[in-house]
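K.L.:
Pasting final.cif here (mmCIF, N, CA and C atoms; chains and numbers go by the auth columns):
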data_run
loop_
_atom_site.group_PDB
_atom_site.id
_atom_site.type_symbol
_atom_site.label_atom_id
_atom_site.label_comp_id
_atom_site.label_asym_id
_atom_site.label_seq_id
_atom_site.Cartn_x
_atom_site.Cartn_y
_atom_site.Cartn_z
_atom_site.B_iso_or_equiv
_atom_site.auth_seq_id
_atom_site.auth_asym_id
ATOM 1 N N MET A 1 -9.719 -18.634 16.880 0.00 1 P
ATOM 2 C CA MET A 1 -8.571 -17.746 16.909 0.00 1 P
ATOM 3 C C MET A 1 -8.273 -17.283 15.494 0.00 1 P
ATOM 4 N N SER A 2 -8.016 -16.016 15.339 0.00 2 P
ATOM 5 C CA SER A 2 -7.774 -15.436 14.024 0.00 2 P
ATOM 6 C C SER A 2 -6.336 -14.961 13.902 0.00 2 P
ATOM 7 N N LEU A 3 -5.777 -15.118 12.720 0.00 3 P
ATOM 8 C CA LEU A 3 -4.435 -14.618 12.458 0.00 3 P
ATOM 9 C C LEU A 3 -4.471 -13.209 11.878 0.00 3 P
ATOM 10 N N TYR A 4 -5.652 -12.633 11.750 0.00 4 P
ATOM 11 C CA TYR A 4 -5.803 -11.303 11.162 0.00 4 P
ATOM 12 C C TYR A 4 -5.111 -10.257 12.010 0.00 4 P
ATOM 13 N N GLN A 5 -4.291 -9.443 11.385 0.00 5 P
ATOM 14 C CA GLN A 5 -3.589 -8.367 12.073 0.00 5 P
ATOM 15 C C GLN A 5 -3.913 -7.054 11.367 0.00 5 P
ATOM 16 N N PRO A 6 -4.638 -6.134 12.028 0.00 6 P
ATOM 17 C CA PRO A 6 -5.074 -4.901 11.368 0.00 6 P
ATOM 18 C C PRO A 6 -4.001 -3.815 11.249 0.00 6 P
ATOM 19 N N GLU A 7 -2.760 -4.094 11.604 0.00 7 P
ATOM 20 C CA GLU A 7 -1.725 -3.073 11.499 0.00 7 P
ATOM 21 C C GLU A 7 -1.560 -2.649 10.041 0.00 7 P
ATOM 22 N N PRO A 8 -1.264 -1.387 9.817 0.00 8 P
ATOM 23 C CA PRO A 8 -1.077 -0.921 8.438 0.00 8 P
ATOM 24 C C PRO A 8 0.178 -1.517 7.810 0.00 8 P
ATOM 25 N N VAL A 9 0.163 -1.605 6.502 0.00 9 P
ATOM 26 C CA VAL A 9 1.314 -2.058 5.726 0.00 9 P
ATOM 27 C C VAL A 9 1.813 -0.844 4.956 0.00 9 P
ATOM 28 N N GLU A 10 3.128 -0.667 4.889 0.00 10 P
ATOM 29 C CA GLU A 10 3.686 0.490 4.193 0.00 10 P
ATOM 30 C C GLU A 10 4.952 0.091 3.443 0.00 10 P
ATOM 31 N N ILE A 11 5.058 0.584 2.221 0.00 11 P
ATOM 32 C CA ILE A 11 6.288 0.470 1.441 0.00 11 P
ATOM 33 C C ILE A 11 6.698 1.902 1.139 0.00 11 P
ATOM 34 N N SER A 12 7.936 2.249 1.459 0.00 12 P
ATOM 35 C CA SER A 12 8.359 3.627 1.239 0.00 12 P
ATOM 36 C C SER A 12 9.832 3.705 0.868 0.00 12 P
ATOM 37 N N THR A 13 10.203 4.813 0.291 0.00 13 P
ATOM 38 C CA THR A 13 11.594 5.080 -0.042 0.00 13 P
ATOM 39 C C THR A 13 11.803 6.578 -0.176 0.00 13 P
ATOM 40 N N ARG A 14 13.040 6.981 -0.083 0.00 14 P
ATOM 41 C CA ARG A 14 13.447 8.366 -0.342 0.00 14 P
ATOM 42 C C ARG A 14 14.517 8.307 -1.420 0.00 14 P
ATOM 43 N N MET A 15 14.449 9.233 -2.348 0.00 15 P
ATOM 44 C CA MET A 15 15.457 9.296 -3.411 0.00 15 P
ATOM 45 C C MET A 15 16.025 10.702 -3.470 0.00 15 P
ATOM 46 N N ARG A 16 17.322 10.771 -3.622 0.00 16 P
ATOM 47 C CA ARG A 16 18.012 12.059 -3.686 0.00 16 P
ATOM 48 C C ARG A 16 17.863 12.678 -5.078 0.00 16 P
ATOM 49 N N PRO A 17 18.154 13.953 -5.187 0.00 17 P
ATOM 50 C CA PRO A 17 18.105 14.607 -6.501 0.00 17 P
ATOM 51 C C PRO A 17 18.998 13.848 -7.491 0.00 17 P
ATOM 52 N N GLY A 18 18.507 13.656 -8.697 0.00 18 P
ATOM 53 C CA GLY A 18 19.268 12.966 -9.730 0.00 18 P
ATOM 54 C C GLY A 18 19.117 11.456 -9.717 0.00 18 P
ATOM 55 N N GLU A 19 18.488 10.898 -8.677 0.00 19 P
ATOM 56 C CA GLU A 19 18.302 9.452 -8.588 0.00 19 P
ATOM 57 C C GLU A 19 16.998 8.996 -9.234 0.00 19 P
ATOM 58 N N TRP A 20 16.196 9.943 -9.680 0.00 20 P
ATOM 59 C CA TRP A 20 14.896 9.581 -10.225 0.00 20 P
ATOM 60 C C TRP A 20 14.516 10.516 -11.353 0.00 20 P
ATOM 61 N N THR A 21 13.593 10.022 -12.199 0.00 21 P
ATOM 62 C CA THR A 21 12.974 10.832 -13.246 0.00 21 P
ATOM 63 C C THR A 21 11.470 10.691 -13.065 0.00 21 P
ATOM 64 N N GLU A 22 10.702 11.505 -13.756 0.00 22 P
ATOM 65 C CA GLU A 22 9.243 11.374 -13.660 0.00 22 P
ATOM 66 C C GLU A 22 8.800 9.973 -14.068 0.00 22 P
ATOM 67 N N SER A 23 9.438 9.437 -15.097 0.00 23 P
ATOM 68 C CA SER A 23 9.099 8.099 -15.586 0.00 23 P
ATOM 69 C C SER A 23 9.435 7.018 -14.555 0.00 23 P
ATOM 70 N N SER A 24 10.640 7.097 -13.981 0.00 24 P
ATOM 71 C CA SER A 24 11.027 6.081 -12.994 0.00 24 P
ATOM 72 C C SER A 24 10.195 6.211 -11.717 0.00 24 P
ATOM 73 N N LEU A 25 9.804 7.432 -11.372 0.00 25 P
ATOM 74 C CA LEU A 25 8.957 7.651 -10.196 0.00 25 P
ATOM 75 C C LEU A 25 7.580 7.020 -10.403 0.00 25 P
ATOM 76 N N GLU A 26 7.012 7.227 -11.571 0.00 26 P
ATOM 77 C CA GLU A 26 5.710 6.637 -11.891 0.00 26 P
ATOM 78 C C GLU A 26 5.787 5.110 -11.860 0.00 26 P
ATOM 79 N N GLU A 27 6.858 4.547 -12.394 0.00 27 P
ATOM 80 C CA GLU A 27 7.042 3.090 -12.399 0.00 27 P
ATOM 81 C C GLU A 27 7.183 2.554 -10.978 0.00 27 P
ATOM 82 N N LEU A 28 7.924 3.268 -10.134 0.00 28 P
ATOM 83 C CA LEU A 28 8.107 2.864 -8.748 0.00 28 P
ATOM 84 C C LEU A 28 6.777 2.847 -7.997 0.00 28 P
ATOM 85 N N VAL A 29 5.976 3.898 -8.154 0.00 29 P
ATOM 86 C CA VAL A 29 4.672 3.965 -7.487 0.00 29 P
ATOM 87 C C VAL A 29 3.785 2.821 -7.970 0.00 29 P
ATOM 88 N N THR A 30 3.777 2.553 -9.257 0.00 30 P
ATOM 89 C CA THR A 30 2.974 1.455 -9.812 0.00 30 P
ATOM 90 C C THR A 30 3.408 0.115 -9.225 0.00 30 P
ATOM 91 N N THR A 31 4.706 -0.093 -9.102 0.00 31 P
ATOM 92 C CA THR A 31 5.236 -1.333 -8.536 0.00 31 P
ATOM 93 C C THR A 31 4.845 -1.486 -7.069 0.00 31 P
ATOM 94 N N TYR A 32 4.982 -0.416 -6.293 0.00 32 P
ATOM 95 C CA TYR A 32 4.616 -0.467 -4.874 0.00 32 P
ATOM 96 C C TYR A 32 3.121 -0.746 -4.706 0.00 32 P
ATOM 97 N N ARG A 33 2.290 -0.091 -5.507 0.00 33 P
ATOM 98 C CA ARG A 33 0.844 -0.317 -5.433 0.00 33 P
ATOM 99 C C ARG A 33 0.511 -1.764 -5.776 0.00 33 P
ATOM 100 N N ALA A 34 1.154 -2.316 -6.794 0.00 34 P
ATOM 101 C CA ALA A 34 0.908 -3.708 -7.198 0.00 34 P
ATOM 102 C C ALA A 34 1.281 -4.676 -6.076 0.00 34 P
ATOM 103 N N LYS A 35 2.371 -4.398 -5.369 0.00 35 P
ATOM 104 C CA LYS A 35 2.788 -5.265 -4.265 0.00 35 P
ATOM 105 C C LYS A 35 1.766 -5.250 -3.137 0.00 35 P
ATOM 106 N N ILE A 36 1.254 -4.069 -2.805 0.00 36 P
ATOM 107 C CA ILE A 36 0.241 -3.952 -1.744 0.00 36 P
ATOM 108 C C ILE A 36 -1.054 -4.653 -2.169 0.00 36 P
ATOM 109 N N LEU A 37 -1.459 -4.458 -3.412 0.00 37 P
ATOM 110 C CA LEU A 37 -2.671 -5.121 -3.912 0.00 37 P
ATOM 111 C C LEU A 37 -2.507 -6.632 -3.893 0.00 37 P
ATOM 112 N N ALA A 38 -1.318 -7.126 -4.192 0.00 38 P
ATOM 113 C CA ALA A 38 -1.056 -8.572 -4.172 0.00 38 P
ATOM 114 C C ALA A 38 -1.157 -9.144 -2.757 0.00 38 P
ATOM 115 N N MET A 39 -1.001 -8.294 -1.749 0.00 39 P
ATOM 116 C CA MET A 39 -1.139 -8.723 -0.354 0.00 39 P
ATOM 117 C C MET A 39 -2.601 -8.850 0.057 0.00 39 P
ATOM 118 N N GLY A 40 -3.512 -8.401 -0.816 0.00 40 P
ATOM 119 C CA GLY A 40 -4.937 -8.537 -0.515 0.00 40 P
ATOM 120 C C GLY A 40 -5.679 -7.239 -0.305 0.00 40 P
ATOM 121 N N ALA A 41 -5.028 -6.116 -0.481 0.00 41 P
ATOM 122 C CA ALA A 41 -5.702 -4.826 -0.291 0.00 41 P
ATOM 123 C C ALA A 41 -6.690 -4.566 -1.423 0.00 41 P
ATOM 124 N N ALA A 42 -7.774 -3.910 -1.089 0.00 42 P
ATOM 125 C CA ALA A 42 -8.714 -3.422 -2.105 0.00 42 P
ATOM 126 C C ALA A 42 -8.143 -2.110 -2.637 0.00 42 P
ATOM 127 N N VAL A 43 -8.423 -1.800 -3.882 0.00 43 P
ATOM 128 C CA VAL A 43 -7.909 -0.567 -4.492 0.00 43 P
ATOM 129 C C VAL A 43 -8.248 0.644 -3.633 0.00 43 P
ATOM 130 N N SER A 44 -9.442 0.665 -3.069 0.00 44 P
ATOM 131 C CA SER A 44 -9.879 1.809 -2.258 0.00 44 P
ATOM 132 C C SER A 44 -9.130 1.926 -0.932 0.00 44 P
ATOM 133 N N GLU A 45 -8.421 0.873 -0.510 0.00 45 P
ATOM 134 C CA GLU A 45 -7.690 0.888 0.758 0.00 45 P
ATOM 135 C C GLU A 45 -6.225 1.298 0.593 0.00 45 P
ATOM 136 N N VAL A 46 -5.776 1.459 -0.647 0.00 46 P
ATOM 137 C CA VAL A 46 -4.374 1.785 -0.901 0.00 46 P
ATOM 138 C C VAL A 46 -4.209 3.299 -1.037 0.00 46 P
ATOM 139 N N MET A 47 -3.323 3.846 -0.215 0.00 47 P
ATOM 140 C CA MET A 47 -3.064 5.282 -0.226 0.00 47 P
ATOM 141 C C MET A 47 -1.647 5.519 -0.753 0.00 47 P
ATOM 142 N N THR A 48 -1.506 6.544 -1.597 0.00 48 P
ATOM 143 C CA THR A 48 -0.207 6.882 -2.168 0.00 48 P
ATOM 144 C C THR A 48 0.115 8.330 -1.832 0.00 48 P
ATOM 145 N N ASP A 49 1.329 8.553 -1.326 0.00 49 P
ATOM 146 C CA ASP A 49 1.775 9.908 -1.011 0.00 49 P
ATOM 147 C C ASP A 49 3.163 10.108 -1.600 0.00 49 P
ATOM 148 N N VAL A 50 3.287 11.078 -2.487 0.00 50 P
ATOM 149 C CA VAL A 50 4.575 11.431 -3.076 0.00 50 P
ATOM 150 C C VAL A 50 4.896 12.851 -2.637 0.00 50 P
ATOM 151 N N GLU A 51 5.985 12.992 -1.898 0.00 51 P
ATOM 152 C CA GLU A 51 6.400 14.296 -1.374 0.00 51 P
ATOM 153 C C GLU A 51 7.641 14.755 -2.132 0.00 51 P
ATOM 154 N N ARG A 52 7.491 15.848 -2.858 0.00 52 P
ATOM 155 C CA ARG A 52 8.618 16.423 -3.606 0.00 52 P
ATOM 156 C C ARG A 52 9.193 17.562 -2.778 0.00 52 P
ATOM 157 N N ASN A 53 10.484 17.500 -2.537 0.00 53 P
ATOM 158 C CA ASN A 53 11.144 18.502 -1.705 0.00 53 P
ATOM 159 C C ASN A 53 11.833 19.562 -2.558 0.00 53 P
ATOM 160 N N ASP A 54 12.053 20.714 -1.958 0.00 54 P
ATOM 161 C CA ASP A 54 12.681 21.844 -2.667 0.00 54 P
ATOM 162 C C ASP A 54 14.075 21.525 -3.205 0.00 54 P
ATOM 163 N N ASP A 55 14.761 20.577 -2.584 0.00 55 P
ATOM 164 C CA ASP A 55 16.121 20.238 -3.024 0.00 55 P
ATOM 165 C C ASP A 55 16.142 19.239 -4.185 0.00 55 P
ATOM 166 N N GLY A 56 14.968 18.827 -4.658 0.00 56 P
ATOM 167 C CA GLY A 56 14.895 17.883 -5.778 0.00 56 P
ATOM 168 C C GLY A 56 14.769 16.435 -5.347 0.00 56 P
ATOM 169 N N SER A 57 14.776 16.191 -4.052 0.00 57 P
ATOM 170 C CA SER A 57 14.587 14.826 -3.570 0.00 57 P
ATOM 171 C C SER A 57 13.093 14.512 -3.534 0.00 57 P
ATOM 172 N N VAL A 58 12.790 13.238 -3.373 0.00 58 P
ATOM 173 C CA VAL A 58 11.400 12.818 -3.339 0.00 58 P
ATOM 174 C C VAL A 58 11.242 11.691 -2.322 0.00 58 P
ATOM 175 N N LYS A 59 10.094 11.672 -1.650 0.00 59 P
ATOM 176 C CA LYS A 59 9.753 10.615 -0.704 0.00 59 P
ATOM 177 C C LYS A 59 8.468 9.976 -1.207 0.00 59 P
ATOM 178 N N VAL A 60 8.458 8.661 -1.311 0.00 60 P
ATOM 179 C CA VAL A 60 7.296 7.916 -1.804 0.00 60 P
ATOM 180 C C VAL A 60 6.816 6.985 -0.701 0.00 60 P
ATOM 181 N N VAL A 61 5.521 7.038 -0.405 0.00 61 P
ATOM 182 C CA VAL A 61 4.919 6.145 0.579 0.00 61 P
ATOM 183 C C VAL A 61 3.641 5.587 -0.021 0.00 61 P
ATOM 184 N N VAL A 62 3.565 4.261 -0.087 0.00 62 P
ATOM 185 C CA VAL A 62 2.335 3.587 -0.503 0.00 62 P
ATOM 186 C C VAL A 62 1.929 2.731 0.686 0.00 62 P
ATOM 187 N N SER A 63 0.711 2.912 1.163 0.00 63 P
ATOM 188 C CA SER A 63 0.296 2.200 2.368 0.00 63 P
ATOM 189 C C SER A 63 -1.090 1.602 2.227 0.00 63 P
ATOM 190 N N TRP A 64 -1.344 0.629 3.078 0.00 64 P
ATOM 191 C CA TRP A 64 -2.631 -0.066 3.149 0.00 64 P
ATOM 192 C C TRP A 64 -3.087 -0.002 4.597 0.00 64 P
ATOM 193 N N ALA A 65 -4.095 0.797 4.842 0.00 65 P
ATOM 194 C CA ALA A 65 -4.675 0.885 6.177 0.00 65 P
ATOM 195 C C ALA A 65 -5.765 -0.177 6.257 0.00 65 P
ATOM 196 N N LYS A 66 -5.422 -1.299 6.854 0.00 66 P
ATOM 197 C CA LYS A 66 -6.358 -2.420 6.940 0.00 66 P
ATOM 198 C C LYS A 66 -7.539 -2.053 7.826 0.00 66 P
ATOM 199 N N PRO A 67 -8.736 -2.535 7.480 0.00 67 P
ATOM 200 C CA PRO A 67 -9.890 -2.294 8.347 0.00 67 P
ATOM 201 C C PRO A 67 -9.692 -2.997 9.693 0.00 67 P
ATOM 202 N N ALA A 68 -10.297 -2.468 10.740 0.00 68 P
ATOM 203 C CA ALA A 68 -10.127 -3.014 12.086 0.00 68 P
ATOM 204 C C ALA A 68 -10.713 -4.417 12.219 0.00 68 P
ATOM 205 N N VAL A 69 -11.731 -4.741 11.442 0.00 69 P
ATOM 206 C CA VAL A 69 -12.386 -6.043 11.525 0.00 69 P
ATOM 207 C C VAL A 69 -12.289 -6.726 10.176 0.00 69 P
ATOM 208 N N ALA A 70 -11.785 -7.949 10.181 0.00 70 P
ATOM 209 C CA ALA A 70 -11.670 -8.713 8.934 0.00 70 P
ATOM 210 C C ALA A 70 -13.035 -9.218 8.521 0.00 70 P
ATOM 211 N N ASP A 71 -13.237 -9.382 7.234 0.00 71 P
ATOM 212 C CA ASP A 71 -14.465 -9.960 6.703 0.00 71 P
ATOM 213 C C ASP A 71 -14.489 -11.431 7.064 0.00 71 P
ATOM 214 N N ASN A 72 -15.536 -11.886 7.725 0.00 72 P
ATOM 215 C CA ASN A 72 -15.638 -13.267 8.179 0.00 72 P
ATOM 216 C C ASN A 72 -16.187 -14.217 7.122 0.00 72 P
ATOM 217 N N ALA A 73 -16.646 -13.741 6.009 0.00 73 P
ATOM 218 C CA ALA A 73 -17.240 -14.601 4.992 0.00 73 P
ATOM 219 C C ALA A 73 -16.238 -15.662 4.559 0.00 73 P
ATOM 220 N N GLY A 74 -16.668 -16.895 4.618 0.00 74 P
ATOM 221 C CA GLY A 74 -15.837 -17.992 4.179 0.00 74 P
ATOM 222 C C GLY A 74 -14.871 -18.484 5.242 0.00 74 P
ATOM 223 N N ALA A 75 -14.793 -17.797 6.361 0.00 75 P
ATOM 224 C CA ALA A 75 -13.902 -18.246 7.435 0.00 75 P
ATOM 225 C C ALA A 75 -14.564 -19.377 8.188 0.00 75 P
ATOM 226 N N VAL A 76 -13.773 -20.138 8.913 0.00 76 P
ATOM 227 C CA VAL A 76 -14.319 -21.222 9.699 0.00 76 P
ATOM 228 C C VAL A 76 -15.315 -20.643 10.683 0.00 76 P
ATOM 229 N N GLY A 77 -16.536 -21.141 10.631 0.00 77 P
ATOM 230 C CA GLY A 77 -17.572 -20.620 11.500 0.00 77 P
ATOM 231 C C GLY A 77 -18.238 -19.380 10.959 0.00 77 P
ATOM 232 N N GLY A 78 -17.714 -18.801 9.869 0.00 78 P
ATOM 233 C CA GLY A 78 -18.309 -17.622 9.255 0.00 78 P
ATOM 234 C C GLY A 78 -19.413 -18.010 8.304 0.00 78 P
ATOM 235 N N THR A 79 -20.180 -17.041 7.897 0.00 79 P
ATOM 236 C CA THR A 79 -21.270 -17.291 6.972 0.00 79 P
ATOM 237 C C THR A 79 -20.901 -16.697 5.615 0.00 79 P
ATOM 238 N N PRO A 80 -20.729 -17.545 4.593 0.00 80 P
ATOM 239 C CA PRO A 80 -20.412 -17.008 3.268 0.00 80 P
ATOM 240 C C PRO A 80 -21.536 -16.145 2.738 0.00 80 P
ATOM 241 N N ALA A 81 -21.169 -15.180 1.922 0.00 81 P
ATOM 242 C CA ALA A 81 -22.169 -14.296 1.307 0.00 81 P
ATOM 243 C C ALA A 81 -23.067 -15.107 0.391 0.00 81 P
ATOM 244 N N ALA A 82 -24.333 -14.760 0.368 0.00 82 P
ATOM 245 C CA ALA A 82 -25.304 -15.503 -0.455 0.00 82 P
ATOM 246 C C ALA A 82 -25.258 -15.052 -1.891 0.00 82 P
#
Translate this structure into structure tokens?
P.N.:
Amino acid sequence: MSLYQPEPVEISTRMRPGEWTESSLEELVTTYRAKILAMGAAVSEVMTDVERNDDGSVKVVVSWAKPAVADNAGAVGGTPAA
């Protein structure tokens, strides 16, 4: 029995005009990416979407689309890579 759950992971927020600067936005994206990577995502599996709206607001979404099948290497009954 495996505890692997392939559901995507997402961290997101919306900020109103005046609540963010380019610098704070960059820092926020970096922080969200670091949190997803700390959960075990590979860099290539992390997607970042920053949506800038005409009113000056911004929506940030950092997500990890997990593969449908977990790597069995090193798992009980699995075969470690040589």
K.L.:
Which neighbours of range 38-46 of chain P fall inside 9 Å, counting only C-alpha atoms, when residues of the same chain fewer than 5 positions from it are skipped, and could you give them as a list in words?
P.N.:
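Within the cut-off, the hits are Arg33, Val62, Ser63, Trp64, Ala65, Lys66 and Pro67 of chain P.
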K.L.:
Between atom N of Arg52 in chain P and atom C of Pro6 in chain P, what distance in Å does the model show, to one decimal?
P.N.:
26.8 Å
K.L.:
Can you tell me, as number ranges by chain, what residues are no more than 7 Å from range 55-60 of chain P when counting all atoms listed in the file, ignoring any on the same chain fewer than 4 positions away?
P.N.:
P: 11-18, 48-51
K.L.:
Report the distance between atom C of Met47 in chain P and atom C of Trp20 in chain P in Å, rounded to one decimal place.
P.N.:
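That distance, rounded to one decimal, is 20.0 Å.
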